[in-house]
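Here the structure comes first, spelled out in structure tokens, and everything after it is commentary.
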Amino acid sequence: MKLKNFEIGKDKLTILAGPCAAESMDILRRTAEGLKKACEELDINYVFKSSFDKANRTSITSYRGPGLEKGLEMLSQIKKEFDLPIVTDIHTPDQAAPVAEVADIIQIPAFLCRQTDLLVAAAKTGKIVNIKKGQFLAPQQMKALVKKVEDSGNNQIMLTDRGTTFGYGNLVVDFRAIPIMKEFGYPVVFDATHSVQMPGSNGDSTGGDRRFVPTLAKCAMAAGAEVLFFEVHPEPDKALCDGPNMLALSDAKEVFKKCKEIFEVVRA
């Protein structure tokens, strides 16, 4: 699957990474610059990620992002300034067309992965569609979602594992999901940062434990994932959303380096 000047799922590791939500141009620029430099030095494919809206917040007062119009302007600016492909998520079918004018990959959030109209709208843009596996789904059940996109005329698909509901307020990662979803014939992504979330554990916000992000990412490489997803922030403890599970920008290169080493051993 070609994107810009590289192929996803081939001989190089691909990383999708950036801040959870678009907070400011300064944070987007700092993160894009730092991650692009790290990935170039490591010879890793890089796609910039951030969200213009995070519609599934725990509280109605939680920061959601700048909104569709302003958010797409910000992402478009990052795309031009740093010459980077963009991945961002949509929450309603009417967002697909305007988002496709900026984004190279349209992401379907885990909570919305079964929404047929959303999948069809994303598919019809002709862009790569990254479907995140719902925390409530078994990996085998993703086949039906793949078929919805295929039947809508699009076979540019990626599938993302981001943990499975484990009781209340916690997630667990079953790495069998990676080889199971690879059987469908599309690149498999592992979302290392959302997998350490503790949904709603802070009362009016989601908690998490970023200590385990590197461990889970390395395990995903060993299990055969072709792509890694990280939410990264210059100062995660000051982030307006998902701070507890985001990777610090200063730590990203070392984590990427270890993951690349395992990726190359497995691919060999």
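Going by the structure tokens order, chains are called A, B, ..., each with residues numbered from 1, while ligands are numbered from 1 in the order shown.
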
So that I can check the surroundings of A:Glu40, please list as a short mmCIF file (atom, residue, chain, number, x, y, z; two decimals) with N, CA and C atoms, in the first residue's frame every protein, DNA and RNA residue that reaches within 12 Å of it, counting only C-alpha atoms and ignoring chain neighbours fewer than 6 positions away.
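This went into selection.cif:
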data_model
loop_
_atom_site.label_atom_id
_atom_site.label_comp_id
_atom_site.auth_asym_id
_atom_site.auth_seq_id
_atom_site.Cartn_x
_atom_site.Cartn_y
_atom_site.Cartn_z
N LYS A 12 10.16 -1.62 5.66
CA LYS A 12 10.47 -0.61 6.67
C LYS A 12 9.32 -0.48 7.65
N LEU A 13 9.68 -0.24 8.90
CA LEU A 13 8.68 0.06 9.92
C LEU A 13 8.02 1.40 9.59
N THR A 14 6.72 1.47 9.76
CA THR A 14 5.97 2.71 9.61
C THR A 14 5.41 3.12 10.96
N ILE A 15 5.53 4.40 11.27
CA ILE A 15 5.02 4.91 12.55
C ILE A 15 4.04 6.04 12.30
N ALA A 32 5.96 17.53 15.29
CA ALA A 32 6.23 17.10 13.91
C ALA A 32 7.72 17.19 13.59
N GLU A 33 8.34 18.28 13.98
CA GLU A 33 9.77 18.47 13.70
C GLU A 33 10.61 17.40 14.40
N GLY A 34 10.32 17.17 15.70
CA GLY A 34 11.10 16.20 16.45
C GLY A 34 10.92 14.77 15.96
N TYR A 46 7.30 7.73 8.35
CA TYR A 46 6.58 8.51 9.37
C TYR A 46 5.35 9.21 8.81
N VAL A 47 4.24 9.09 9.54
CA VAL A 47 2.98 9.77 9.24
C VAL A 47 2.58 10.57 10.47
N LEU A 84 4.84 16.09 5.23
CA LEU A 84 4.48 14.84 5.88
C LEU A 84 3.07 14.40 5.49
N LYS A 253 12.47 8.76 20.26
CA LYS A 253 13.47 8.18 19.38
C LYS A 253 14.02 6.87 19.92
N PHE A 256 11.42 4.18 19.41
CA PHE A 256 11.34 3.82 18.00
C PHE A 256 12.53 2.95 17.59
N LYS A 257 13.71 3.30 18.11
CA LYS A 257 14.93 2.56 17.75
C LYS A 257 14.83 1.09 18.18
#

Polymer residues at most 10 Å from A:Ala21, only C-alpha atoms, same-chain spacing of 3 or more positions, as a PyMOL selection string:
chain A and resi 18+24+28+49-54+63-67+71+88+231+233+239-242

DSSP on the backbone, then: every residue of stretch 4-147 of chain A marked helix (DSSP H, G or I), written as a ChimeraX atom specification.
/A:25-42,68-82,93-100,110-112,116-124,139-147

Interface rows for stretch 1-82 of chain A against stretch 127-149 of chain A: nearest pair, Å to one decimal, 12 Å, only C-alpha atoms, as CSV:
residue,atom,partner,partner_atom,distance
A:Met1,CA,A:Ile128,CA,8.5
A:Lys2,CA,A:Ile128,CA,9.4
A:Leu3,CA,A:Ile128,CA,8.7
A:Lys4,CA,A:Ile128,CA,11.9
A:Ile8,CA,A:Ile128,CA,10.5
A:Leu16,CA,A:Asn130,CA,10.9

Output for the residues just chosen: all heavy atoms as an mmCIF file, in the first residue's frame:
data_model
loop_
_atom_site.group_PDB
_atom_site.id
_atom_site.type_symbol
_atom_site.label_atom_id
_atom_site.label_comp_id
_atom_site.auth_asym_id
_atom_site.auth_seq_id
_atom_site.Cartn_x
_atom_site.Cartn_y
_atom_site.Cartn_z
ATOM 1 N N MET A 1 0.848 -1.181 0.000
ATOM 2 C CA MET A 1 0.000 0.000 0.000
ATOM 3 C C MET A 1 0.886 1.234 0.000
ATOM 4 O O MET A 1 1.614 1.493 0.957
ATOM 5 C CB MET A 1 -0.904 -0.007 1.241
ATOM 6 C CG MET A 1 -2.008 0.986 1.209
ATOM 7 S SD MET A 1 -3.368 0.484 2.276
ATOM 8 C CE MET A 1 -2.516 0.100 3.803
ATOM 9 N N LYS A 2 0.835 1.973 -1.103
ATOM 10 C CA LYS A 2 1.748 3.100 -1.261
ATOM 11 C C LYS A 2 1.209 4.359 -0.593
ATOM 12 O O LYS A 2 0.017 4.650 -0.644
ATOM 13 C CB LYS A 2 2.003 3.365 -2.737
ATOM 14 C CG LYS A 2 2.801 2.266 -3.424
ATOM 15 C CD LYS A 2 3.116 2.619 -4.861
ATOM 16 C CE LYS A 2 3.961 1.521 -5.511
ATOM 17 N NZ LYS A 2 4.279 1.828 -6.923
ATOM 18 N N LEU A 3 2.109 5.089 0.026
ATOM 19 C CA LEU A 3 1.779 6.375 0.636
ATOM 20 C C LEU A 3 2.993 7.273 0.499
ATOM 21 O O LEU A 3 4.087 6.932 0.965
ATOM 22 C CB LEU A 3 1.429 6.189 2.114
ATOM 23 C CG LEU A 3 1.108 7.473 2.896
ATOM 24 C CD1 LEU A 3 -0.077 8.202 2.282
ATOM 25 C CD2 LEU A 3 0.821 7.153 4.349
ATOM 26 N N LYS A 4 2.789 8.407 -0.174
ATOM 27 C CA LYS A 4 3.888 9.347 -0.419
ATOM 28 C C LYS A 4 5.018 8.608 -1.139
ATOM 29 O O LYS A 4 4.805 8.059 -2.198
ATOM 30 C CB LYS A 4 4.353 9.989 0.899
ATOM 31 C CG LYS A 4 5.168 11.266 0.729
ATOM 32 C CD LYS A 4 5.430 11.928 2.050
ATOM 33 C CE LYS A 4 6.476 13.010 1.968
ATOM 34 N NZ LYS A 4 6.232 14.027 0.950
ATOM 35 N N ILE A 8 3.561 1.032 2.944
ATOM 36 C CA ILE A 8 3.209 0.540 4.279
ATOM 37 C C ILE A 8 3.156 -0.975 4.244
ATOM 38 O O ILE A 8 2.549 -1.576 3.352
ATOM 39 C CB ILE A 8 1.848 1.105 4.719
ATOM 40 C CG1 ILE A 8 1.915 2.633 4.824
ATOM 41 C CG2 ILE A 8 1.418 0.495 6.046
ATOM 42 C CD1 ILE A 8 0.586 3.290 5.093
ATOM 43 N N LEU A 16 2.883 5.955 12.951
ATOM 44 C CA LEU A 16 1.893 7.023 12.971
ATOM 45 C C LEU A 16 1.993 7.653 14.353
ATOM 46 O O LEU A 16 1.805 6.961 15.361
ATOM 47 C CB LEU A 16 0.476 6.479 12.769
ATOM 48 C CG LEU A 16 0.250 5.370 11.733
ATOM 49 C CD1 LEU A 16 -1.236 4.977 11.707
ATOM 50 C CD2 LEU A 16 0.712 5.797 10.353
#

Exercise: A:Ala103 partners within 10 Å, only C-alpha atoms, chain neighbours under 5 positions left out, as number ranges by chain:
A: 48-49, 72, 75-76, 79, 85-89, 96-98, 127-128

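Closest approach to A:Ala248 among A:Pro93, A:Pro179, A:Pro214, A:Gly224 is made by A:Pro214 (distances from only C-alpha atoms).
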
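Each of A:Val265, A:Ala121, A:Ile105, A:Ile44 was compared to A:Lys218 using only C-alpha atoms, and A:Val265 turns out to be the nearest.
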
So which residues touch A:Ile180 within 12 Å, counting only C-alpha atoms, skipping near sequence neighbours fewer than 2 positions away, as a PyMOL selection string?
chain A and resi 138-143+159-161+174-178+182-188+223-225

Strand (DSSP E) positions in stretch 1-239 of chain A, given as a CSV table (one decimal) with C-alpha atoms, in the first residue's frame:
chain,number,residue,atom,x,y,z
A,2,LYS,CA,1.7,3.1,-1.3
A,3,LEU,CA,1.8,6.4,0.6
A,6,PHE,CA,7.1,4.7,0.8
A,7,GLU,CA,5.0,1.5,1.1
A,14,THR,CA,6.0,2.7,9.6
A,15,ILE,CA,5.0,4.9,12.5
A,16,LEU,CA,1.9,7.0,13.0
A,17,ALA,CA,2.5,9.5,15.7
A,18,GLY,CA,1.7,13.0,17.1
A,45,ASN,CA,8.5,5.8,7.5
A,46,TYR,CA,6.6,8.5,9.4
A,47,VAL,CA,3.0,9.8,9.2
A,48,PHE,CA,1.9,12.7,11.4
A,49,LYS,CA,-1.1,12.2,13.6
A,86,ILE,CA,-1.4,13.0,7.7
A,87,VAL,CA,-3.6,10.6,9.6
A,88,THR,CA,-6.6,11.9,11.5
A,89,ASP,CA,-9.9,10.4,12.7
A,105,ILE,CA,-5.2,8.2,6.0
A,106,ILE,CA,-8.7,8.4,7.5
A,107,GLN,CA,-9.0,6.7,10.9
A,108,ILE,CA,-12.1,5.1,12.3
A,128,ILE,CA,-6.4,4.7,3.1
A,129,VAL,CA,-8.9,3.7,5.9
A,130,ASN,CA,-7.4,2.7,9.2
A,131,ILE,CA,-10.0,0.9,11.3
A,132,LYS,CA,-9.3,0.7,15.0
A,157,ILE,CA,-7.2,-0.7,4.5
A,158,MET,CA,-5.2,-0.9,7.8
A,159,LEU,CA,-6.4,-2.6,11.0
A,160,THR,CA,-5.4,-1.4,14.4
A,161,ASP,CA,-5.4,-3.2,17.7
A,164,THR,CA,-9.5,-5.1,24.8
A,165,THR,CA,-11.8,-4.2,27.7
A,171,LEU,CA,-7.5,-2.8,29.1
A,172,VAL,CA,-5.5,-5.8,28.3
A,188,VAL,CA,-1.8,-4.4,11.0
A,189,VAL,CA,-1.1,-1.4,13.3
A,190,PHE,CA,-0.6,-1.6,17.1
A,191,ASP,CA,-1.6,1.4,19.1
A,197,GLN,CA,-5.4,3.7,28.9
A,198,MET,CA,-7.6,3.2,32.0
A,207,GLY,CA,-6.2,7.7,33.1
A,208,GLY,CA,-3.4,5.6,31.9
A,227,VAL,CA,2.9,-0.3,11.8
A,228,LEU,CA,3.0,1.3,15.3
A,229,PHE,CA,0.8,4.1,16.5
A,230,PHE,CA,1.9,6.5,19.3
A,231,GLU,CA,0.4,9.6,20.7
A,232,VAL,CA,3.4,11.9,21.5
A,233,HIS,CA,3.5,15.2,23.2

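For the residues A:Met25, A:Phe263, A:Ser195, A:Asn245, ranking by smallest atom-to-atom distance to A:Ala222 using only C-alpha atoms places A:Phe263 first.
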
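Take atom CA of A:Arg114 and atom CA of A:Glu150: the distance between them is 14.2 Å.
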